[in-house]
$ cat input_7.txt   # compact mmCIF, C-alpha atoms
# COMPACT_ATOMS: atom_id res chain seq x y z
CA MET J 9 -21.62 60.26 -59.26
CA THR J 10 -19.94 60.54 -55.84
CA LYS J 11 -16.75 62.60 -55.99
CA ILE J 12 -13.59 60.47 -56.08
CA ARG J 13 -11.54 61.28 -53.01
CA ASN J 14 -8.25 59.43 -53.49
CA MET J 15 -6.17 57.24 -55.78
CA GLU J 16 -7.62 54.02 -54.38
CA GLU J 17 -11.15 55.03 -55.40
CA PHE J 18 -9.88 56.26 -58.77
CA ALA J 19 -8.20 52.90 -59.43
CA ALA J 20 -11.38 51.02 -58.48
CA VAL J 21 -13.74 52.93 -60.77
CA SER J 22 -11.19 52.91 -63.60
CA GLY J 23 -10.64 49.14 -63.52
CA LEU J 24 -6.91 49.62 -62.90
CA SER J 25 -4.70 48.17 -60.19
CA ARG J 26 -3.79 50.42 -57.30
CA PRO J 27 0.00 49.90 -57.74
CA THR J 28 -0.25 50.79 -61.46
CA VAL J 29 -2.02 54.07 -60.72
CA SER J 30 0.51 54.93 -58.00
CA LYS J 31 3.37 54.14 -60.38
CA TYR J 32 1.88 56.47 -63.02
CA PHE J 33 1.54 59.40 -60.62
CA HIS J 34 5.14 58.99 -59.45
CA ASP J 35 6.42 58.80 -63.04
CA PRO J 36 4.02 58.71 -66.04
CA ASP J 37 6.78 57.33 -68.30
CA SER J 38 7.23 54.31 -66.01
CA VAL J 39 4.04 52.63 -67.33
CA ARG J 40 3.33 51.35 -70.83
CA ALA J 41 2.01 53.84 -73.36
CA THR J 42 -1.34 52.04 -73.61
CA THR J 43 -1.71 52.06 -69.82
CA ARG J 44 -0.74 55.73 -69.65
CA ALA J 45 -3.37 56.60 -72.27
CA ARG J 46 -5.99 54.62 -70.35
CA ILE J 47 -5.20 56.41 -67.09
CA GLU J 48 -5.23 59.84 -68.71
CA GLU J 49 -8.56 59.07 -70.38
CA ALA J 50 -9.97 57.99 -66.99
CA LEU J 51 -8.70 61.21 -65.38
CA GLU J 52 -10.75 63.24 -67.84
CA ARG J 53 -13.80 60.97 -67.73
CA PHE J 54 -14.07 61.00 -63.94
CA ASP J 55 -12.78 64.57 -63.55
CA TYR J 56 -10.27 63.40 -60.95
CA ARG J 57 -7.20 65.41 -59.97
CA PRO J 58 -4.77 63.92 -57.48
CA ASN J 59 -3.54 65.90 -54.50
CA ILE J 60 -0.35 67.12 -56.16
CA TYR J 61 0.91 68.65 -52.91
CA ALA J 62 0.64 65.30 -51.13
CA VAL J 63 2.31 63.48 -54.03
CA ASN J 64 5.18 65.96 -54.10
CA GLN J 65 5.59 65.75 -50.34
CA ASN J 66 5.82 61.98 -50.57
CA ARG J 67 8.47 62.23 -53.28
CA LYS J 68 10.76 63.76 -50.64
CA LEU J 69 10.77 60.37 -48.97
CA THR J 70 13.06 57.61 -50.16
CA LYS J 71 11.58 54.96 -52.44
CA ASN J 72 12.54 52.29 -49.92
CA ILE J 73 9.95 49.89 -48.51
CA GLY J 74 10.92 47.59 -45.65
CA ILE J 75 9.43 44.08 -45.44
CA VAL J 76 10.03 42.18 -42.18
CA VAL J 77 9.04 38.55 -41.56
CA PRO J 78 9.68 36.29 -38.54
CA TYR J 79 11.40 33.44 -40.40
CA LEU J 80 12.14 33.61 -44.12
CA ALA J 81 13.05 29.92 -44.33
CA ASP J 82 9.39 29.14 -43.61
CA PRO J 83 7.84 28.66 -47.09
CA PHE J 84 4.68 30.52 -46.07
CA PHE J 85 6.63 33.70 -45.32
CA ALA J 86 8.83 33.20 -48.38
CA GLU J 87 5.72 32.96 -50.55
CA ILE J 88 3.94 35.99 -49.13
CA ALA J 89 7.18 38.02 -49.18
CA ARG J 90 7.47 37.25 -52.90
CA TYR J 91 3.98 38.70 -53.46
CA LEU J 92 4.81 41.81 -51.43
CA GLU J 93 8.13 42.42 -53.18
CA GLN J 94 6.61 42.13 -56.65
CA SER J 95 3.78 44.53 -55.75
CA CYS J 96 6.19 47.13 -54.37
CA ILE J 97 8.45 46.90 -57.42
CA ALA J 98 5.46 47.26 -59.75
CA ALA J 99 4.55 50.50 -57.96
CA GLY J 100 8.05 51.92 -58.40
CA TYR J 101 9.38 51.26 -54.89
CA ARG J 102 12.57 49.46 -53.80
CA PRO J 103 11.71 46.74 -51.27
CA SER J 104 14.26 45.46 -48.75
CA LEU J 105 13.47 42.10 -47.14
CA PHE J 106 14.49 41.18 -43.59
CA SER J 107 14.05 38.07 -41.42
CA SER J 108 14.11 38.28 -37.62
CA HIS J 109 14.80 34.51 -37.34
CA GLY J 110 12.38 34.19 -34.43
CA GLU J 111 14.46 36.47 -32.13
CA HIS J 112 13.03 39.65 -30.65
CA LYS J 113 16.49 41.21 -30.27
CA LEU J 114 17.12 40.77 -33.99
CA GLU J 115 13.64 42.12 -34.73
CA ASN J 116 14.53 45.27 -32.77
CA GLU J 117 17.88 45.57 -34.60
CA ILE J 118 16.11 45.33 -37.95
CA LEU J 119 13.73 48.13 -36.98
CA ASP J 120 16.73 50.27 -35.97
CA SER J 121 18.39 49.56 -39.32
CA LEU J 122 15.21 50.47 -41.17
CA ARG J 123 15.11 53.88 -39.49
CA SER J 124 18.50 54.70 -41.04
CA LEU J 125 17.14 53.82 -44.49
CA LYS J 126 14.36 56.40 -44.02
CA PRO J 127 11.78 54.13 -45.66
CA ALA J 128 8.60 55.47 -47.19
CA GLY J 129 6.85 52.70 -45.24
CA VAL J 130 7.22 49.24 -43.71
CA LEU J 131 5.26 45.98 -43.96
CA LEU J 132 5.85 44.14 -40.69
CA ALA J 133 4.92 40.59 -39.70
CA PRO J 134 5.94 40.71 -36.01
CA LEU J 135 6.92 37.75 -33.87
CA GLY J 136 3.83 38.36 -31.76
CA ARG J 137 4.12 37.39 -28.10
CA ALA J 138 7.90 37.24 -28.44
CA SER J 139 8.10 40.79 -29.81
CA ASP J 140 9.24 43.79 -27.78
CA ARG J 141 5.93 45.63 -27.90
CA SER J 142 7.34 48.94 -26.68
CA ALA J 143 10.05 48.92 -29.38
CA ILE J 144 7.51 48.24 -32.13
CA GLU J 145 5.15 50.88 -30.77
CA LYS J 146 7.92 53.49 -30.85
CA PHE J 147 8.88 52.46 -34.39
CA CYS J 148 5.28 52.70 -35.64
CA GLU J 149 5.00 56.21 -34.23
CA ASN J 150 7.86 57.36 -36.48
CA VAL J 151 7.55 55.18 -39.59
CA PRO J 152 4.34 54.46 -41.60
CA THR J 153 3.79 50.78 -40.78
CA VAL J 154 1.23 48.15 -41.72
CA LEU J 155 1.19 44.85 -39.80
CA PHE J 156 0.37 41.55 -41.50
CA ASP J 157 -0.01 37.88 -40.49
CA SER J 158 0.43 38.47 -36.72
CA ASN J 159 -1.52 41.21 -34.98
CA LEU J 160 -0.30 43.38 -32.12
CA GLU J 161 -3.48 45.12 -31.07
CA GLY J 162 -3.37 48.89 -31.46
CA LEU J 163 0.03 49.03 -33.20
CA GLY J 164 0.62 50.18 -36.75
CA ALA J 165 -1.87 51.95 -38.98
CA ALA J 166 -3.61 48.70 -39.95
CA PHE J 167 -3.47 44.91 -39.70
CA ILE J 168 -4.14 42.46 -42.53
CA GLY J 169 -4.14 38.71 -41.98
CA SER J 170 -5.95 35.40 -42.21
CA ASP J 171 -8.99 34.39 -40.20
CA ASN J 172 -7.64 31.51 -38.09
CA PHE J 173 -11.12 30.49 -36.96
CA SER J 174 -12.14 29.89 -40.57
CA PHE J 175 -9.13 27.62 -41.08
CA VAL J 176 -9.95 25.31 -38.21
CA SER J 177 -13.74 25.42 -38.49
CA GLN J 178 -13.55 24.19 -42.09
CA THR J 179 -11.11 21.37 -41.39
CA VAL J 180 -12.90 20.18 -38.23
CA GLU J 181 -16.34 20.29 -39.84
CA TYR J 182 -15.07 18.37 -42.87
CA MET J 183 -13.33 15.68 -40.83
CA THR J 184 -16.27 15.12 -38.47
CA ARG J 185 -18.66 14.99 -41.42
CA THR J 186 -16.63 12.38 -43.31
CA GLY J 187 -15.26 10.23 -40.47
CA GLU J 188 -14.18 10.16 -36.85
CA PRO J 189 -13.55 13.47 -35.05
CA PRO J 190 -9.88 14.58 -35.05
CA SER J 191 -7.38 15.11 -32.28
CA PHE J 192 -5.50 18.42 -32.46
CA PHE J 193 -1.72 18.05 -32.82
CA GLU J 194 0.37 21.08 -31.81
CA MET J 195 3.60 22.26 -30.17
CA ARG J 196 3.51 22.85 -26.43
CA THR J 197 5.30 26.18 -26.89
CA PRO J 198 4.46 27.30 -30.45
CA ALA J 199 6.67 29.88 -32.14
CA ASN J 200 3.86 31.34 -34.24
CA PRO J 201 1.17 33.20 -32.24
CA ASN J 202 -1.54 32.03 -34.67
CA ALA J 203 -1.21 28.52 -33.16
CA ASN J 204 -3.05 29.52 -29.97
CA LYS J 205 -5.95 30.97 -31.96
CA ARG J 206 -6.22 27.72 -33.89
CA ARG J 207 -6.31 25.58 -30.74
CA LYS J 208 -9.06 27.73 -29.26
CA ALA J 209 -11.01 27.50 -32.51
CA TYR J 210 -10.62 23.70 -32.54
CA ILE J 211 -12.00 23.39 -29.01
CA GLU J 212 -14.90 25.75 -29.75
CA VAL J 213 -15.93 24.00 -32.96
CA MET J 214 -15.60 20.48 -31.51
CA GLU J 215 -17.79 21.41 -28.54
CA ARG J 216 -20.33 23.11 -30.79
CA LEU J 217 -20.57 19.94 -32.87
CA GLY J 218 -21.03 17.80 -29.75
CA PHE J 219 -17.59 16.13 -29.70
CA GLU J 220 -15.01 16.02 -26.91
CA PRO J 221 -11.86 17.97 -27.86
CA HIS J 222 -8.56 16.10 -27.60
CA VAL J 223 -5.46 18.32 -27.76
CA ILE J 224 -2.05 16.64 -28.09
CA LYS J 225 0.90 18.86 -27.15
CA ILE J 226 4.40 17.86 -28.22
CA ASP J 227 7.73 19.19 -26.98
CA GLY J 228 9.96 21.40 -29.10
CA GLU J 229 10.88 25.04 -29.53
CA GLY J 230 11.84 27.21 -32.47
CA TRP J 231 10.95 27.01 -36.14
CA ALA J 232 12.16 23.50 -37.12
CA PHE J 233 8.53 22.37 -37.28
CA GLU J 234 9.02 19.36 -39.54
CA GLU J 235 11.56 17.71 -37.24
CA ILE J 236 9.57 18.64 -34.13
CA GLY J 237 6.47 17.15 -35.75
CA ARG J 238 8.28 13.95 -36.77
CA LYS J 239 9.71 13.30 -33.31
CA GLY J 240 6.48 14.25 -31.55
CA ALA J 241 4.35 12.08 -33.82
CA ALA J 242 6.64 9.08 -33.31
CA LYS J 243 6.10 9.30 -29.55
CA VAL J 244 2.35 9.85 -29.85
CA LEU J 245 1.91 6.95 -32.25
CA GLY J 246 4.21 4.68 -30.26
CA ARG J 247 2.22 5.31 -27.08
CA GLN J 248 -1.08 4.97 -28.97
CA GLU J 249 -2.31 8.31 -27.61
CA LEU J 250 -4.77 8.97 -30.45
CA LYS J 251 -8.42 8.51 -29.46
CA THR J 252 -9.65 8.22 -33.07
CA ASN J 253 -8.15 7.56 -36.48
CA SER J 254 -8.16 11.30 -37.38
CA VAL J 255 -5.58 14.01 -36.69
CA LEU J 256 -5.70 17.75 -37.38
CA CYS J 257 -2.27 19.40 -37.21
CA SER J 258 -1.90 23.04 -36.22
CA ASN J 259 0.07 23.80 -39.39
CA ASP J 260 1.27 22.05 -42.52
CA ARG J 261 4.92 21.93 -41.49
CA LEU J 262 4.03 19.92 -38.38
CA ALA J 263 1.83 17.75 -40.58
CA ILE J 264 4.75 17.02 -42.93
CA GLY J 265 6.70 15.78 -39.92
CA PHE J 266 3.69 13.71 -38.82
CA LEU J 267 3.45 12.06 -42.26
CA SER J 268 7.17 11.29 -42.12
CA ALA J 269 6.76 9.50 -38.78
CA CYS J 270 3.82 7.51 -40.15
CA TYR J 271 5.91 6.38 -43.12
CA GLU J 272 8.79 5.31 -40.87
CA MET J 273 6.39 3.29 -38.69
CA GLY J 274 4.58 1.68 -41.64
CA ILE J 275 1.25 3.44 -40.98
CA ARG J 276 -0.81 4.10 -44.12
CA VAL J 277 -2.36 7.54 -44.22
CA GLY J 278 -5.31 8.52 -46.41
CA ARG J 279 -9.04 8.35 -46.88
CA ARG J 280 -9.12 4.95 -48.60
CA GLU J 281 -10.42 1.86 -46.80
CA ASP J 282 -6.94 0.28 -46.53
CA CYS J 283 -5.58 3.33 -44.64
CA ALA J 284 -5.28 3.38 -40.86
CA LEU J 285 -5.16 7.14 -40.26
CA ARG J 286 -6.43 10.42 -41.68
CA VAL J 287 -4.28 13.57 -41.39
CA ALA J 288 -5.31 17.14 -42.23
CA SER J 289 -3.82 20.52 -41.48
CA ASN J 290 -3.86 24.30 -42.05
CA ASP J 291 -1.95 26.79 -44.27
CA ASN J 292 -1.57 25.18 -47.72
CA HIS J 293 2.21 25.17 -47.45
CA PRO J 294 3.68 25.44 -51.00
CA PHE J 295 4.90 21.82 -50.72
CA SER J 296 1.73 20.34 -49.20
CA ARG J 297 0.43 19.07 -52.54
CA PHE J 298 3.70 17.15 -53.05
CA THR J 299 3.66 15.15 -49.79
CA CYS J 300 2.82 11.46 -49.88
CA PRO J 301 -0.10 11.30 -49.62
CA SER J 302 -0.89 14.86 -50.67
CA LEU J 303 -2.09 16.90 -47.70
CA THR J 304 -5.68 18.01 -47.13
CA THR J 305 -5.45 21.53 -45.71
CA ALA J 306 -7.08 24.96 -45.34
CA ALA J 307 -5.37 27.49 -47.60
CA HIS J 308 -4.27 31.06 -46.97
CA ASP J 309 -5.51 33.66 -49.43
CA TYR J 310 -1.99 34.78 -50.32
CA ASP J 311 -3.13 37.15 -53.07
CA ASN J 312 -5.60 39.12 -50.97
CA VAL J 313 -3.48 39.29 -47.80
CA ALA J 314 -0.46 40.55 -49.74
CA GLY J 315 -2.49 42.76 -52.07
CA ARG J 316 -4.46 44.47 -49.32
CA SER J 317 -1.27 44.94 -47.27
CA VAL J 318 0.56 46.87 -49.99
CA GLU J 319 -2.54 48.82 -51.01
CA THR J 320 -3.04 49.93 -47.41
CA LEU J 321 0.63 50.89 -47.09
CA PHE J 322 0.52 52.96 -50.30
CA GLU J 323 -2.59 54.75 -49.06
CA LEU J 324 -0.86 55.38 -45.74
CA ILE J 325 2.18 56.85 -47.49
CA GLU J 326 0.07 59.11 -49.71
CA ASN J 327 -1.82 60.39 -46.66
CA GLY J 328 1.31 61.56 -44.93
CA GLY J 329 1.73 58.49 -42.74
CA LYS J 330 -1.69 58.62 -41.10
CA LEU J 331 -5.09 57.03 -41.72
CA GLY J 332 -8.38 57.97 -40.12
CA ASN J 333 -8.72 54.88 -37.94
CA ARG J 334 -6.69 51.73 -37.44
CA THR J 335 -8.33 48.91 -39.38
CA GLU J 336 -8.11 45.13 -39.08
CA THR J 337 -8.88 42.98 -42.12
CA LEU J 338 -9.09 39.17 -42.01
CA PHE J 339 -9.42 36.94 -45.06
CA PRO J 340 -11.07 33.50 -44.72
CA ALA J 341 -9.37 30.23 -45.58
CA ARG J 342 -10.28 27.88 -48.42
CA LEU J 343 -10.53 24.12 -47.81
CA VAL J 344 -8.30 22.12 -50.19
CA LEU J 345 -9.19 18.42 -50.34
CA ARG J 346 -6.38 16.00 -51.15
CA GLU J 347 -5.56 12.36 -50.40
CA SER J 348 -4.49 12.48 -46.75
CA ALA J 349 -8.02 12.97 -45.35
$ encode --input "input_7.txt" --output "structure tokens"
Amino acid sequence: MTKIRNMEEFAAVSGLSRPTVSKYFHDPDSVRATTRARIEEALERFDYRPNIYAVNQNRKLTKNIGIVVPYLADPFFAEIARYLEQSCIAAGYRPSLFSSHGEHKLENEILDSLRSLKPAGVLLAPLGRASDRSAIEKFCENVPTVLFDSNLEGLGAAFIGSDNFSFVSQTVEYMTRTGEPPSFFEMRTPANPNANKRRKAYIEVMERLGFEPHVIKIDGEGWAFEEIGRKGAAKVLGRQELKTNSVLCSNDRLAIGFLSACYEMGIRVGRREDCALRVASNDNHPFSRFTCPSLTTAAHDYDNVAGRSVETLFELIENGGKLGNRTETLFPARLVLRESA
């Protein structure tokens, strides 16, 4: 059997979660007696001994973990932050959650505040194009940091996120297979950097399938996506700008606004014969299954994005704040069919 090199490999071969193993090595009494016995049996069976020096060095750090998101009021970030917090707590750390509210100055202030907390590590979802790249680069040089959701190439020890191409390719292929090809509905100046990747994917997939792309850009800035979507959709529908009876929204929050405008204008949305319009989207917003009609969408893999993020951060901490090479991990979306398309 290949020699086990670190706690991550030990957890994998033992059938235990990475946070549970880390929690045991920080304090054996912090796990249940049955779990402790299982870990100790696995230590003997696999003849694994952790790097005690590295563990002791890491204990000199605080138990603080910083979690930074662009906009906590966005249900996507609230949901993934919940996963991250629970995973950190399970491993014996104390997570502190921050929201930069879409402002790069506040993002910089949060990073400055985190330095004073002397965190063991930080999970950072940066603003992206709106971020102060030099400030984040300097922070990552001094604090073990893993980026998630929005990538800043070359910064942090690793990036974990969702594959935006897989979101759009699945929704476009489904809509063209089951009806008329969709127009793409987005903000002219999107707050989330993933929006641009989704537009490019839409154009690429439409052209590959032999359809002419039709991108509709609506005015609006900031993170009030539902209201921006509602106002933008009302104008688009009033001017009859749609070329087909199908619409693919850049994200679910815009789609919720689009559905609201359709309701106000008496337009029936859905895949039944008595419906005038089909609407689909991306993200699987926690409320998307409760819209009327329920929203067809491509879903984030919340579990894997959050799980891999914390596992990578724990490995980074245990290795003294450095990994061999910066890695980028993308998880594909999953198409969720509901009544809107």
$ residues_around --input "input_7.txt" --residues "Arg334 of chain J" --least-positions-apart "6" --cutoff "10 Å" --atoms "all atoms listed in the file" --output "ChimeraX atom specification"
/J:154,161-167
$ atom_distance --input "input_7.txt" --atom1 "atom CA of Ile118 of chain J" --atom2 "atom CA of Phe322 of chain J"
21.3 Å
$ residues_around --input "input_7.txt" --residues "Ile275 of chain J" --least-positions-apart "4" --cutoff "10 Å" --atoms "all atoms listed in the file" --output "VMD selection string"
chain J and resid 245 267 to 271 283 to 285
$ residues_around --input "input_7.txt" --residues "segment 169-181 of chain J" --least-positions-apart "4" --cutoff "9 Å" --atoms "all atoms listed in the file" --output "PyMOL selection string"
chain J and resi 155-159+185-186+189-190+202-203+205-210+212-214+217+256+258+288-291+304-309+313-314+317+336-343
$ atom_distance --input "input_7.txt" --atom1 "atom CA of Lys31 of chain J" --atom2 "atom CA of Tyr101 of chain J"
8.6 Å
$ residues_around --input "input_7.txt" --residues "segment 193-196 of chain J" --least-positions-apart "2" --cutoff "6 Å" --atoms "all atoms listed in the file" --output "VMD selection string"
chain J and resid 198 224 to 227 257 to 258
$ closest_residue --input "input_7.txt" --among "J:Leu262, J:Ile144, J:Ala241, J:Val344" --to "Asn292 of chain J" --atoms "only C-alpha atoms"
J:Val344
$ residues_around --input "input_7.txt" --residues "Arg280 of chain J" --least-positions-apart "2" --cutoff "12 Å" --atoms "all atoms listed in the file" --output "JSON, numbers by chain"
{"J": [186, 187, 276, 277, 278, 282, 283, 284, 285, 286, 301, 346, 347, 348, 349]}
$ closest_residue --input "input_7.txt" --among "J:Ala138, J:Val130, J:Ala89, J:Val255" --to "Pro221 of chain J" --atoms "all atoms listed in the file"
J:Val255
$ atom_distance --input "input_7.txt" --atom1 "atom CA of Arg57 of chain J" --atom2 "atom CA of Thr28 of chain J"
16.3 Å
$ closest_residue --input "input_7.txt" --among "J:Ser296, J:Val318, J:Lys330, J:Leu119" --to "Ser25 of chain J" --atoms "all atoms listed in the file"
J:Val318
$ decode --input "input_7.txt" --residues "segment 46-57 of chain J" --atoms "C-alpha atoms" --output "PDB file, in the first residue's frame"
ATOM      1  CA  ARG J  46     -12.503   4.440  14.940  1.00  0.00           C
ATOM      2  CA  ILE J  47      -9.766   6.978  14.200  1.00  0.00           C
ATOM      3  CA  GLU J  48      -7.320   5.364  16.605  1.00  0.00           C
ATOM      4  CA  GLU J  49      -8.008   1.943  15.088  1.00  0.00           C
ATOM      5  CA  ALA J  50      -7.371   3.397  11.609  1.00  0.00           C
ATOM      6  CA  LEU J  51      -4.092   4.955  12.803  1.00  0.00           C
ATOM      7  CA  GLU J  52      -2.840   1.515  13.794  1.00  0.00           C
ATOM      8  CA  ARG J  53      -4.234  -0.280  10.745  1.00  0.00           C
ATOM      9  CA  PHE J  54      -2.662   2.117   8.245  1.00  0.00           C
ATOM     10  CA  ASP J  55       0.441   2.800  10.353  1.00  0.00           C
ATOM     11  CA  TYR J  56      -0.080   6.538   9.940  1.00  0.00           C
ATOM     12  CA  ARG J  57       1.510   9.123  12.222  1.00  0.00           C
TER      13      ARG J  57
END
